[in-house]
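The file run-v7.csv contains CSV, C-alpha atoms:
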chain,number,residue,atom,x,y,z
Z,529,THR,CA,21.5,232.7,104.7
Z,530,GLY,CA,21.3,235.1,107.6
Z,531,ARG,CA,23.5,232.9,109.7
Z,532,ALA,CA,26.1,232.6,107.0
Z,533,LEU,CA,26.3,236.4,106.7
Z,534,ALA,CA,26.7,236.7,110.4
Z,535,GLU,CA,29.5,234.2,110.5
Z,536,ALA,CA,31.2,235.9,107.6
Z,537,ARG,CA,31.5,239.0,109.8
Z,538,LEU,CA,33.3,237.1,112.6
Z,539,PRO,CA,36.9,236.2,112.8
Z,540,THR,CA,38.3,232.7,113.1
Z,541,VAL,CA,38.7,231.7,116.7
Z,542,ARG,CA,41.2,229.1,118.1
Z,543,CYS,CA,41.7,227.8,121.6
Z,544,ILE,CA,45.0,227.0,123.2
Z,545,ASN,CA,45.1,224.7,126.2
Z,546,ILE,CA,47.7,226.3,128.5
Z,547,ASN,CA,48.4,222.9,130.1
Z,548,GLN,CA,49.6,221.6,126.8
Z,549,ALA,CA,51.3,224.7,125.4
Z,550,VAL,CA,54.9,226.0,125.5
Z,551,MET,CA,54.6,229.2,127.6
Z,552,HIS,CA,56.8,232.3,128.0
Z,553,HIS,CA,55.7,234.1,131.1
Z,554,GLY,CA,52.1,233.4,130.6
Z,555,ILE,CA,52.0,233.8,126.8
Z,556,SER,CA,52.1,230.8,124.5
Z,557,GLU,CA,54.5,230.3,121.6
Z,558,ASN,CA,51.6,230.1,119.2
Z,559,LEU,CA,50.2,233.5,120.4
Z,560,LEU,CA,53.6,235.1,120.1
Z,561,ARG,CA,54.1,233.7,116.6
Z,562,GLU,CA,50.8,235.1,115.5
Z,563,ILE,CA,51.7,238.6,116.8
Z,564,GLY,CA,55.0,238.4,115.1
Z,565,GLN,CA,53.4,237.5,111.7
Z,566,ARG,CA,51.0,240.4,112.1
Z,567,ILE,CA,53.8,242.8,112.8
Z,568,ALA,CA,55.7,241.6,109.7
Z,569,ARG,CA,52.5,242.3,107.7
Z,570,ARG,CA,52.1,245.7,109.3
Z,571,GLU,CA,48.8,244.7,110.9
Z,572,GLN,CA,47.7,245.6,114.4
Z,573,SER,CA,47.3,243.1,117.2
Z,574,LEU,CA,45.3,243.4,120.4
Z,575,MET,CA,45.8,241.7,123.7
Z,576,PHE,CA,42.8,241.8,125.9
Z,577,ILE,CA,43.3,241.2,129.7
Z,578,ASN,CA,40.9,242.6,132.1
Z,579,ARG,CA,43.4,243.0,135.0
Z,580,ARG,CA,45.5,246.1,135.3
Z,581,GLY,CA,48.9,246.3,137.1
Z,582,TYR,CA,51.9,244.0,136.7
Z,583,ALA,CA,50.7,241.1,138.9
Z,584,PRO,CA,47.7,240.4,141.1
Z,585,VAL,CA,49.9,239.6,144.1
Z,586,LEU,CA,53.4,239.7,145.4
Z,587,MET,CA,54.5,236.6,147.3
Z,588,CYS,CA,57.5,235.6,149.5
Z,589,THR,CA,59.1,232.4,148.2
Z,590,ALA,CA,60.3,231.5,151.7
Z,591,CYS,CA,57.4,231.9,154.1
Z,592,GLY,CA,54.5,232.4,151.7
Z,593,TRP,CA,53.7,236.0,152.8
Z,594,THR,CA,51.4,237.7,150.2
Z,595,SER,CA,50.7,241.4,149.7
Z,596,GLY,CA,47.4,241.8,151.5
Z,597,CYS,CA,45.7,245.1,152.1
Z,598,LYS,CA,45.4,246.1,155.8
Z,599,HIS,CA,42.0,247.7,155.1
Z,600,CYS,CA,40.4,245.0,152.9
Z,601,ALA,CA,40.3,241.2,152.6
Z,602,GLY,CA,42.0,241.4,149.2
Z,603,LYS,CA,45.5,241.4,147.8
Z,604,MET,CA,47.5,244.5,146.9
Z,605,VAL,CA,48.3,244.5,143.2
Z,606,LEU,CA,51.9,245.0,142.1
Z,607,HIS,CA,52.4,248.1,139.9
Z,608,LEU,CA,56.0,247.6,138.9
Z,609,LYS,CA,56.7,250.7,136.9
Z,610,ASP,CA,56.1,253.0,139.9
Z,611,GLN,CA,57.2,250.4,142.5
Z,612,ARG,CA,53.9,250.4,144.3
Z,613,LEU,CA,51.5,247.9,145.8
Z,614,ARG,CA,47.9,249.1,145.4
Z,615,CYS,CA,44.6,247.8,146.6
Z,616,HIS,CA,42.0,248.1,143.8
Z,617,HIS,CA,39.2,248.0,146.4
Z,618,CYS,CA,40.0,251.0,148.6
Z,619,GLY,CA,42.9,252.7,146.9
Z,620,TYR,CA,45.4,252.1,149.7
Z,621,GLN,CA,49.0,251.9,148.5
Z,622,VAL,CA,52.6,251.4,149.8
Z,623,ARG,CA,56.0,251.1,148.2
Z,624,VAL,CA,57.2,247.7,147.2
Z,625,PRO,CA,59.2,246.3,150.1
Z,626,ASN,CA,62.8,245.4,149.6
Z,627,ALA,CA,62.4,242.3,151.7
Z,628,CYS,CA,59.5,240.2,153.0
Z,629,PRO,CA,57.8,241.9,156.0
Z,630,GLY,CA,57.3,238.5,157.5
Z,631,CYS,CA,60.7,236.8,157.4
Z,632,GLY,CA,63.1,239.2,155.8
Z,633,ASN,CA,63.6,237.1,152.6
Z,634,ALA,CA,64.6,239.3,149.7
Z,635,ASP,CA,63.2,237.0,147.0
Z,636,LEU,CA,59.7,238.3,146.5
Z,637,HIS,CA,57.9,236.9,143.5
Z,638,PRO,CA,55.1,238.4,141.4
Z,639,VAL,CA,52.2,235.8,140.9
Z,640,GLY,CA,49.9,236.1,137.9
Z,641,SER,CA,49.7,238.6,135.1
Z,642,GLY,CA,48.2,242.0,134.6
Z,643,THR,CA,48.4,244.5,131.7
Z,644,GLN,CA,51.8,245.8,132.8
Z,645,ARG,CA,53.3,242.3,132.8
Z,646,VAL,CA,51.9,241.4,129.4
Z,647,GLU,CA,53.3,244.7,128.1
Z,648,SER,CA,56.8,243.8,129.6
Z,649,VAL,CA,56.8,240.3,128.1
Z,650,LEU,CA,55.8,241.7,124.6
Z,651,GLN,CA,58.4,244.4,124.8
Z,652,ASP,CA,61.1,241.8,125.4
Z,653,HIS,CA,59.9,239.6,122.5
Z,654,PHE,CA,59.2,242.5,120.1
Z,655,PRO,CA,61.6,245.3,121.0
Z,656,GLU,CA,61.0,247.2,117.8
Z,657,ALA,CA,57.2,247.1,118.1
Z,658,ARG,CA,55.1,250.1,119.0
Z,659,ILE,CA,53.1,248.9,122.0
Z,660,LEU,CA,50.3,250.9,123.7
Z,661,ARG,CA,48.7,249.9,127.0
Z,662,VAL,CA,45.1,251.1,127.7
Z,663,ASP,CA,43.9,250.8,131.3
Z,664,ARG,CA,42.9,253.0,134.2
Z,665,ASP,CA,46.6,253.6,135.1
Z,666,SER,CA,47.6,254.8,131.6
Z,667,THR,CA,44.5,257.0,131.1
Z,668,ARG,CA,44.3,258.9,134.3
Z,669,ASN,CA,44.6,262.1,132.3
Z,670,ARG,CA,41.3,263.2,130.7
Z,671,ARG,CA,42.9,263.7,127.3
Z,672,ALA,CA,45.0,260.5,127.4
Z,673,TRP,CA,42.4,258.1,126.1
Z,674,GLN,CA,41.5,260.4,123.3
Z,675,THR,CA,45.1,260.7,122.3
Z,676,MET,CA,45.5,257.0,122.3
Z,677,ARG,CA,42.5,256.6,120.1
Z,678,GLU,CA,44.0,258.9,117.6
Z,679,GLN,CA,47.2,256.8,117.6
Z,680,ILE,CA,45.2,253.6,117.0
Z,681,HIS,CA,43.2,255.1,114.2
Z,682,ALA,CA,46.3,256.5,112.6
Z,683,ASN,CA,47.8,253.0,112.6
Z,684,GLU,CA,50.7,254.2,114.9
Z,685,VAL,CA,50.3,251.1,117.2
Z,686,ASP,CA,51.5,247.6,116.4
Z,687,ILE,CA,50.3,245.9,119.6
Z,688,LEU,CA,47.4,247.2,121.7
Z,689,ILE,CA,47.1,245.9,125.3
Z,690,GLY,CA,43.9,246.8,127.1
Z,691,THR,CA,41.2,246.1,129.7
Z,692,GLN,CA,37.5,246.8,129.5
Z,693,MET,CA,38.4,250.4,128.9
Z,694,LEU,CA,38.7,249.4,125.2
Z,695,PHE,CA,35.0,249.3,125.0
Z,696,GLN,CA,34.4,252.8,126.4
Z,697,GLY,CA,33.5,255.4,123.8
Z,698,PRO,CA,33.2,254.9,120.0
Z,699,PRO,CA,34.2,251.5,118.6
Z,700,LEU,CA,37.8,251.1,117.8
Z,701,PRO,CA,38.9,250.0,114.3
Z,702,ALA,CA,39.0,246.2,113.8
Z,703,VAL,CA,42.4,244.7,114.1
Z,704,GLY,CA,44.0,241.7,112.4
Z,705,PHE,CA,44.6,239.6,115.5
Z,706,VAL,CA,43.1,239.5,119.0
Z,707,GLY,CA,44.8,237.5,121.8
Z,708,LEU,CA,43.3,236.6,125.2
Z,709,PRO,CA,46.0,235.2,127.4
Z,710,HIS,CA,43.7,234.6,130.4
Z,711,ALA,CA,40.4,233.8,128.8
Z,712,ASP,CA,39.1,231.9,131.9
Z,713,ALA,CA,40.2,234.4,134.6
Z,714,GLY,CA,36.6,235.6,135.3
Z,715,LEU,CA,35.3,232.0,135.8
Z,716,HIS,CA,37.0,231.7,139.1
Z,717,LEU,CA,35.0,234.4,140.9
Z,718,PRO,CA,32.4,233.2,143.5
Z,719,ASP,CA,29.4,234.6,141.6
Z,720,PHE,CA,26.7,232.6,139.8
Z,721,ARG,CA,27.0,235.2,136.9
Z,722,SER,CA,30.7,234.6,136.4
Z,723,ALA,CA,30.2,232.4,133.4
Z,724,GLU,CA,27.8,234.8,131.9
Z,725,ARG,CA,30.1,237.8,132.3
Z,726,THR,CA,33.1,235.8,131.0
Z,727,HIS,CA,31.2,234.7,127.9
Z,728,HIS,CA,30.0,238.2,127.0
Z,729,ALA,CA,33.5,239.6,127.6
Z,730,LEU,CA,35.0,237.0,125.3
Z,731,LEU,CA,32.5,237.8,122.6
Z,732,ASP,CA,33.2,241.6,123.0
Z,733,ALA,CA,36.9,240.9,122.5
Z,734,VAL,CA,36.3,238.6,119.5
Z,735,ARG,CA,34.3,241.3,117.8
Z,736,LEU,CA,37.4,243.6,118.0
Z,737,ALA,CA,39.0,241.5,115.2
Z,738,ARG,CA,38.3,241.7,111.5
Z,739,PRO,CA,36.1,239.1,109.8
Z,740,GLY,CA,37.7,235.8,109.0
Z,741,ASN,CA,37.3,236.4,105.3
Z,742,ALA,CA,39.4,239.6,105.8
Z,743,GLY,CA,42.2,237.7,107.7
Z,744,GLY,CA,40.9,238.4,111.2
Z,745,SER,CA,41.7,235.8,113.9
Z,746,VAL,CA,41.5,235.3,117.6
Z,747,VAL,CA,43.4,233.0,120.0
Z,748,LEU,CA,42.0,232.2,123.5
Z,749,GLN,CA,44.4,230.8,126.1
Z,750,THR,CA,42.7,228.8,128.8
Z,751,TYR,CA,43.1,226.1,131.4
Z,752,LEU,CA,39.4,225.2,130.8
Z,753,PRO,CA,38.9,224.6,127.1
Z,754,ARG,CA,35.8,222.5,127.7
Z,755,HIS,CA,34.0,225.0,129.9
Z,756,HIS,CA,30.7,226.0,128.2
Z,757,ALA,CA,31.6,229.8,128.3
Z,758,ILE,CA,34.9,229.1,126.5
Z,759,ALA,CA,33.6,226.5,124.1
Z,760,ALA,CA,30.7,228.7,123.0
Z,761,ALA,CA,33.1,231.6,122.3
Z,762,VAL,CA,35.5,229.4,120.3
Z,763,SER,CA,32.7,227.9,118.2
Z,764,LEU,CA,30.8,231.2,118.0
Z,765,ASN,CA,27.7,229.3,119.0
Z,766,ALA,CA,25.8,231.0,121.7
Z,767,THR,CA,23.4,228.1,122.0
Z,768,ILE,CA,26.1,226.0,123.6
Z,769,PHE,CA,26.4,228.6,126.4
Z,770,TYR,CA,22.8,229.3,127.0
Z,771,ASP,CA,21.6,225.7,127.1
Z,772,GLN,CA,24.2,224.6,129.6
Z,773,GLU,CA,24.0,227.8,131.7
Z,774,LEU,CA,20.2,227.6,132.0
Z,775,ALA,CA,20.4,224.0,133.0
Z,776,PHE,CA,22.9,224.8,135.8
Z,777,ARG,CA,20.8,227.7,137.1
Z,778,LYS,CA,17.6,225.7,137.1
Z,779,THR,CA,19.2,222.9,139.0
Z,780,LEU,CA,20.7,225.3,141.6
Z,781,GLY,CA,17.7,227.6,141.8
Z,782,TYR,CA,19.3,230.9,140.5
Z,783,PRO,CA,17.8,233.5,138.2
Z,784,PRO,CA,15.9,233.5,135.9
Z,785,PHE,CA,14.2,230.7,137.8
Z,786,THR,CA,14.2,232.5,141.1
Z,787,HIS,CA,14.6,236.0,142.5
Z,788,LEU,CA,17.5,236.8,144.8
Z,789,ILE,CA,17.9,239.4,147.6
Z,790,ASN,CA,21.5,239.8,148.9
Z,791,LEU,CA,21.7,241.0,152.5
Z,792,CYS,CA,24.9,242.4,153.9
Z,793,VAL,CA,25.9,243.5,157.5
Z,794,SER,CA,29.1,245.6,157.9
Z,795,GLY,CA,30.9,247.3,160.7
Z,796,LYS,CA,34.3,247.9,162.3
Z,797,HIS,CA,34.0,245.2,164.9
Z,798,LEU,CA,33.9,241.6,163.6
Z,799,GLY,CA,32.1,240.1,166.6
Z,800,LEU,CA,29.2,242.6,166.3
Z,801,VAL,CA,28.9,242.1,162.6
Z,802,ARG,CA,28.8,238.3,162.9
Z,803,GLU,CA,26.2,238.5,165.8
Z,804,ALA,CA,24.0,240.9,163.8
Z,805,ALA,CA,24.2,238.7,160.7
Z,806,GLU,CA,23.2,235.7,162.8
Z,807,ARG,CA,20.3,237.6,164.4
Z,808,TRP,CA,19.1,238.6,161.0
Z,809,ALA,CA,19.3,235.0,159.8
Z,810,ALA,CA,17.4,233.9,162.9
Z,811,LEU,CA,14.6,236.4,162.3
Z,812,LEU,CA,14.3,235.4,158.7
Z,813,LYS,CA,14.2,231.7,159.5
Z,814,ALA,CA,11.7,232.3,162.2
Z,815,ALA,CA,9.4,234.1,159.8
Z,816,VAL,CA,9.9,231.3,157.3
Z,817,SER,CA,9.2,228.6,160.0
Z,818,ARG,CA,5.9,230.1,160.9
Z,819,GLY,CA,4.5,229.2,157.5
Z,820,ARG,CA,6.8,226.3,156.6
Z,821,VAL,CA,5.4,223.8,154.2
Z,822,ALA,CA,8.6,222.0,153.1
Z,823,GLU,CA,11.6,220.8,155.1
Z,824,VAL,CA,15.2,221.4,153.7
Z,825,SER,CA,18.2,219.6,155.1
Z,826,PRO,CA,19.7,221.5,158.0
Z,827,ALA,CA,23.1,220.5,156.7
Z,828,ARG,CA,22.6,222.8,153.8
Z,829,ASN,CA,21.7,225.6,156.3
Z,830,GLN,CA,18.4,226.3,154.5
Z,831,ASP,CA,14.8,226.7,155.5
Z,832,ALA,CA,11.8,227.1,153.2
Z,833,ARG,CA,8.3,228.5,153.5
Z,834,GLY,CA,6.8,227.3,150.2
Z,835,ASP,CA,9.2,229.0,147.9
Z,836,ILE,CA,11.5,231.1,150.2
Z,837,THR,CA,15.0,229.8,151.0
Z,838,ILE,CA,17.5,231.4,153.3
Z,839,LEU,CA,21.2,230.8,152.8
Z,840,GLY,CA,23.9,231.9,155.3
Z,841,PRO,CA,25.1,233.9,157.1
Z,842,ILE,CA,28.7,233.6,155.9
Z,843,PRO,CA,31.6,236.1,155.5
Z,844,SER,CA,31.1,238.1,152.2
Z,845,THR,CA,33.3,237.3,149.2
Z,846,VAL,CA,35.2,240.5,150.1
Z,847,SER,CA,35.0,239.9,153.9
Z,848,GLN,CA,36.6,243.3,154.8
Z,849,LEU,CA,36.3,246.4,152.7
Z,850,ARG,CA,37.8,249.8,153.7
Z,851,GLY,CA,38.2,248.7,157.2
Z,852,ARG,CA,34.7,247.4,157.7
Z,853,PHE,CA,34.0,243.6,158.2
Z,854,ARG,CA,31.2,242.2,156.0
Z,855,TRP,CA,28.9,239.2,156.4
Z,856,GLN,CA,26.1,238.3,154.0
Z,857,LEU,CA,22.9,236.3,153.7
Z,858,LEU,CA,21.0,235.3,150.5
Z,859,VAL,CA,17.2,235.1,150.2
Z,860,LYS,CA,15.9,233.0,147.2
Z,861,SER,CA,12.3,232.9,146.1
Z,862,VAL,CA,10.1,232.4,143.0
Z,863,ASN,CA,7.8,235.0,144.7
Z,864,ALA,CA,9.6,238.3,144.6
Z,865,GLU,CA,7.0,240.2,146.6
Z,866,ALA,CA,6.9,237.6,149.4
Z,867,ALA,CA,10.7,237.6,149.7
Z,868,ARG,CA,10.8,241.4,149.9
Z,869,GLU,CA,8.1,241.6,152.6
Z,870,THR,CA,9.9,238.9,154.6
Z,871,VAL,CA,13.2,240.9,154.4
Z,872,ARG,CA,11.5,244.2,155.2
Z,873,ALA,CA,9.8,242.9,158.3
Z,874,SER,CA,13.0,241.3,159.6
Z,875,LEU,CA,15.0,244.4,159.0
Z,876,ASP,CA,12.5,246.6,160.9
Z,877,GLU,CA,12.5,244.2,163.8
Z,878,LEU,CA,16.3,243.9,163.8
Z,879,GLU,CA,16.8,247.6,164.0
Z,880,ARG,CA,14.0,248.1,166.6
Z,881,LYS,CA,15.2,245.5,169.0
Z,882,ASN,CA,19.0,245.8,168.6
Z,883,GLY,CA,19.8,249.2,167.2
Z,884,ARG,CA,22.6,249.7,164.8
Z,885,ASN,CA,25.7,249.9,167.0
Z,886,GLY,CA,27.6,251.5,164.2
Z,887,LEU,CA,26.5,248.7,161.9
Z,888,LYS,CA,25.2,249.1,158.3
Z,889,PHE,CA,22.5,246.8,156.9
Z,890,GLU,CA,22.3,246.6,153.1
Z,891,VAL,CA,19.6,245.1,151.0
Z,892,ASP,CA,20.2,244.4,147.3
Z,893,VAL,CA,17.2,243.2,145.4
Z,894,ASP,CA,18.0,241.2,142.3
Z,895,PRO,CA,21.8,241.8,142.8
Z,896,VAL,CA,24.0,242.3,139.8
Z,897,GLU,CA,27.2,241.3,141.7
Z,898,MET,CA,27.6,238.9,144.7
Z,899,VAL,CA,30.4,240.5,146.6

As structure tokens, please, write out the structure in this file.
Amino acid sequence: TGRALAEARLPTVRCININQAVMHHGISENLLREIGQRIARREQSLMFINRRGYAPVLMCTACGWTSGCKHCAGKMVLHLKDQRLRCHHCGYQVRVPNACPGCGNADLHPVGSGTQRVESVLQDHFPEARILRVDRDSTRNRRAWQTMREQIHANEVDILIGTQMLFQGPPLPAVGFVGLPHADAGLHLPDFRSAERTHHALLDAVRLARPGNAGGSVVLQTYLPRHHAIAAAVSLNATIFYDQELAFRKTLGYPPFTHLINLCVSGKHLGLVREAAERWAALLKAAVSRGRVAEVSPARNQDARGDITILGPIPSTVSQLRGRFRWQLLVKSVNAEAARETVRASLDELERKNGRNGLKFEVDVDPVEMV
């Protein structure tokens, strides 16, 4: 059958529960054993981790200080090889401190794993292996990625470690083994599409392995083996994902059952940003109230006019970016045109009565990312 033929082109997929596995710096014994077997058979392995750098954050073990960016509400990523802390939002960077800026403690500990840390762990376990890392840091030179592709095609690489950059350009040759040491990393983002993005990223990585009847296999490491995005990827059954994801979105009123408009106010003074966001919310809620046909609990901070719902304002997921503070609101409606007209009228009134005061007002209709 068609389904049997499709399954024959896919690798075997296994899931490892990190809570129950023996781990070595974020990589399980089972995954390391699989890589070792592939090296012995002169087959290529690939480790997919969509997080560059050595570790997402550097932390002081004494006072809890973490490497935050002074321009953004995010952490500065540790890049160990060049001894830098870098913000992946704005590009700001500093040298790794010799001691904690907060208390002077010299014991600073990297938390989490990026491509550089995975590379370091695998180099320690397989010192003779030819390891190649593909991310934005290793491919800054225009020719670098093409040179790496040539090495991969020439079978001059034993272990390939990469981010989403692996999917840029022509397809890579299928490998014998694919490992995903942090398969659930994307699920923890505060975005209703996080499960969808994670599921598709996992499937993209799975397809980098040879078919199961040709010896191809995949191992997913996760803390959440029962999550529908993970379970669907392991079973290679998309129905598991779509059925549960659609049920969640219908219950919570997210696309495709409603339309969204994400509104963001940003500026250099937090008080002005918060006040403007609150004024914007008040204008929207007043417009909604004039035609209200349904009450929504005030505790949920929502008002509705038939099918329009206003959420917020609250600080954005990235509450400060490149020195500008950010607050956001969310408009939900099954009637896209009514929602757009409501937002357009409120924005016109907001700017006419209050001016901008150095503030920026952003309107994102049907947003792709909620940041």

Spatial neighbours of Arg569 in chain Z, 12 Å, all atoms listed in the file, chain gap at least 6 places, as number ranges by chain: Z: 562-563, 686, 704-705, 743

Go ahead and save the picked residues with C-alpha atoms, as a PDB file, in the frame of the given file.
ATOM      1  CA  GLU Z 562      50.800 235.100 115.500  1.00  0.00           C
ATOM      2  CA  ILE Z 563      51.700 238.600 116.800  1.00  0.00           C
ATOM      3  CA  ASP Z 686      51.500 247.600 116.400  1.00  0.00           C
ATOM      4  CA  GLY Z 704      44.000 241.700 112.400  1.00  0.00           C
ATOM      5  CA  PHE Z 705      44.600 239.600 115.500  1.00  0.00           C
ATOM      6  CA  GLY Z 743      42.200 237.700 107.700  1.00  0.00           C
TER       7      GLY Z 743
END

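Remark: for Gly642 in chain Z, the closest of the candidate residues Z:Asp719, Z:Glu656, Z:Asp665, Z:Glu678 is Z:Asp665 (distances computed over only C-alpha atoms).
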
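Protein, DNA and RNA residues at most 8 Å from (56.2, 234.9, 153.8), with all atoms listed in the file, are these: Met587, Cys588, Thr589, Ala590, Cys591, Gly592, Trp593, Thr594, Cys628, Pro629, Gly630, Cys631 and Asn633 of chain Z.
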
Output C-alpha atoms of each residue in that selection to a file, as a PDB file, in the coordinates of the input.
ATOM      1  CA  MET Z 587      54.500 236.600 147.300  1.00  0.00           C
ATOM      2  CA  CYS Z 588      57.500 235.600 149.500  1.00  0.00           C
ATOM      3  CA  THR Z 589      59.100 232.400 148.200  1.00  0.00           C
ATOM      4  CA  ALA Z 590      60.300 231.500 151.700  1.00  0.00           C
ATOM      5  CA  CYS Z 591      57.400 231.900 154.100  1.00  0.00           C
ATOM      6  CA  GLY Z 592      54.500 232.400 151.700  1.00  0.00           C
ATOM      7  CA  TRP Z 593      53.700 236.000 152.800  1.00  0.00           C
ATOM      8  CA  THR Z 594      51.400 237.700 150.200  1.00  0.00           C
ATOM      9  CA  CYS Z 628      59.500 240.200 153.000  1.00  0.00           C
ATOM     10  CA  PRO Z 629      57.800 241.900 156.000  1.00  0.00           C
ATOM     11  CA  GLY Z 630      57.300 238.500 157.500  1.00  0.00           C
ATOM     12  CA  CYS Z 631      60.700 236.800 157.400  1.00  0.00           C
ATOM     13  CA  ASN Z 633      63.600 237.100 152.600  1.00  0.00           C
TER      14      ASN Z 633
END

Could you name the residues that touch Val624 in chain Z at 7 Å or less, counting only C-alpha atoms, but leaving out those on the same chain fewer than 4 positions away, as a PyMOL selection string? chain Z and resi 611-613

Enumerate, in order of chain and increasing residue number, the residues of range 665-778 of chain Z with an atom no farther than 10 Å from range 536-548 of chain Z, each with its shortest atom pair and distance in Å to one decimal, counting all atoms listed in the file, as a Markdown table.
| residue | atom | partner | partner_atom | distance |
| --- | --- | --- | --- | --- |
| Z:Gly704 | CA | Z:Pro539 | CA | 9.0 |
| Z:Phe705 | CA | Z:Pro539 | CA | 8.8 |
| Z:Val706 | CA | Z:Val541 | CA | 9.2 |
| Z:Gly707 | CA | Z:Val541 | CA | 9.8 |
| Z:Leu708 | CA | Z:Cys543 | CA | 9.6 |
| Z:Pro709 | CA | Z:Ile546 | CA | 9.1 |
| Z:His710 | CA | Z:Ile546 | CA | 9.4 |
| Z:Ala711 | CA | Z:Cys543 | CA | 9.5 |
| Z:Val734 | CA | Z:Pro539 | CA | 7.1 |
| Z:Arg735 | CA | Z:Leu538 | CA | 6.8 |
| Z:Leu736 | CA | Z:Pro539 | CA | 9.1 |
| Z:Ala737 | CA | Z:Pro539 | CA | 6.2 |
| Z:Arg738 | CA | Z:Pro539 | CA | 5.8 |
| Z:Pro739 | CA | Z:Pro539 | CA | 4.2 |
| Z:Gly740 | CA | Z:Pro539 | CA | 3.9 |
| Z:Asn741 | CA | Z:Ala536 | CA | 6.5 |
| Z:Ala742 | CA | Z:Pro539 | CA | 8.2 |
| Z:Gly743 | CA | Z:Pro539 | CA | 7.5 |
| Z:Gly744 | CA | Z:Pro539 | CA | 4.8 |
| Z:Ser745 | CA | Z:Thr540 | CA | 4.7 |
| Z:Val746 | CA | Z:Val541 | CA | 4.6 |
| Z:Val747 | CA | Z:Arg542 | CA | 4.9 |
| Z:Leu748 | CA | Z:Cys543 | CA | 4.8 |
| Z:Gln749 | CA | Z:Ile544 | CA | 4.8 |
| Z:Thr750 | CA | Z:Asn545 | CA | 5.4 |
| Z:Tyr751 | CA | Z:Ile546 | CA | 5.4 |
| Z:Leu752 | CA | Z:Asn545 | CA | 7.3 |
| Z:Pro753 | CA | Z:Asn545 | CA | 6.3 |
| Z:Arg754 | CA | Z:Asn545 | CA | 9.7 |
| Z:Ile758 | CA | Z:Cys543 | CA | 8.5 |
| Z:Ala759 | CA | Z:Cys543 | CA | 8.6 |
| Z:Ala761 | CA | Z:Val541 | CA | 7.9 |
| Z:Val762 | CA | Z:Val541 | CA | 5.3 |
| Z:Ser763 | CA | Z:Val541 | CA | 7.3 |
| Z:Leu764 | CA | Z:Val541 | CA | 8.0 |

Could you pull the residues within 10 Å of range 777-782 of chain Z, counting all atoms listed in the file, minus those fewer than 5 positions along the same chain, as an mmCIF file with C-alpha atoms, keeping the file's coordinate frame?
data_model
loop_
_atom_site.group_PDB
_atom_site.id
_atom_site.type_symbol
_atom_site.label_atom_id
_atom_site.label_comp_id
_atom_site.auth_asym_id
_atom_site.auth_seq_id
_atom_site.Cartn_x
_atom_site.Cartn_y
_atom_site.Cartn_z
ATOM 1 C CA PHE Z 720 26.700 232.600 139.800
ATOM 2 C CA ARG Z 721 27.000 235.200 136.900
ATOM 3 C CA GLN Z 772 24.200 224.600 129.600
ATOM 4 C CA HIS Z 787 14.600 236.000 142.500
ATOM 5 C CA LEU Z 788 17.500 236.800 144.800
ATOM 6 C CA THR Z 837 15.000 229.800 151.000
ATOM 7 C CA LYS Z 860 15.900 233.000 147.200
ATOM 8 C CA SER Z 861 12.300 232.900 146.100
ATOM 9 C CA VAL Z 862 10.100 232.400 143.000
#

In file coordinates, which residues lie within 9 Å of (27.6, 251.6, 159.2) using all atoms listed in the file, given as a list in words? Val793, Ser794, Gly795, Lys796, Arg852, Arg884, Asn885, Gly886, Leu887, Lys888 and Phe889 of chain Z

Given the selection you just returned, output its residues as a file containing C-alpha atoms, formatted as a short mmCIF file (atom, residue, chain, number, x, y, z; two decimals), in the frame of the given file.
data_model
loop_
_atom_site.label_atom_id
_atom_site.label_comp_id
_atom_site.auth_asym_id
_atom_site.auth_seq_id
_atom_site.Cartn_x
_atom_site.Cartn_y
_atom_site.Cartn_z
CA VAL Z 793 25.90 243.50 157.50
CA SER Z 794 29.10 245.60 157.90
CA GLY Z 795 30.90 247.30 160.70
CA LYS Z 796 34.30 247.90 162.30
CA ARG Z 852 34.70 247.40 157.70
CA ARG Z 884 22.60 249.70 164.80
CA ASN Z 885 25.70 249.90 167.00
CA GLY Z 886 27.60 251.50 164.20
CA LEU Z 887 26.50 248.70 161.90
CA LYS Z 888 25.20 249.10 158.30
CA PHE Z 889 22.50 246.80 156.90
#

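Taking CA of Pro701 in chain Z and CA of Pro655 in chain Z as the two end points, the separation is 24.1 Å.
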
Mind checking which residues fall within 10 Å of His617 in chain Z, counting only C-alpha atoms, ignoring those fewer than 5 positions away in the same chain, and posting them as a PyMOL selection string? chain Z and resi 597+599-604+846+848-850

Store the residues of this selection in a file with C-alpha atoms, as a compact mmCIF listing (two decimals), in the frame of the given file.
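Result written to selection_39.txt:
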# COMPACT_ATOMS: atom_id res chain seq x y z
CA CYS Z 597 45.70 245.10 152.10
CA HIS Z 599 42.00 247.70 155.10
CA CYS Z 600 40.40 245.00 152.90
CA ALA Z 601 40.30 241.20 152.60
CA GLY Z 602 42.00 241.40 149.20
CA LYS Z 603 45.50 241.40 147.80
CA MET Z 604 47.50 244.50 146.90
CA VAL Z 846 35.20 240.50 150.10
CA GLN Z 848 36.60 243.30 154.80
CA LEU Z 849 36.30 246.40 152.70
CA ARG Z 850 37.80 249.80 153.70

In terms of all atoms listed in the file, the residue from Z:Pro784, Z:Pro841, Z:Gly851, Z:Gly554 at minimal distance from Val649 in chain Z is Z:Gly554

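The interatomic distance for the pair CA of Cys618 in chain Z and CA of Val871 in chain Z works out to 29.2 Å.
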
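From CA of Gln572 in chain Z back to CA of Arg658 in chain Z, the distance works out to 9.8 Å.
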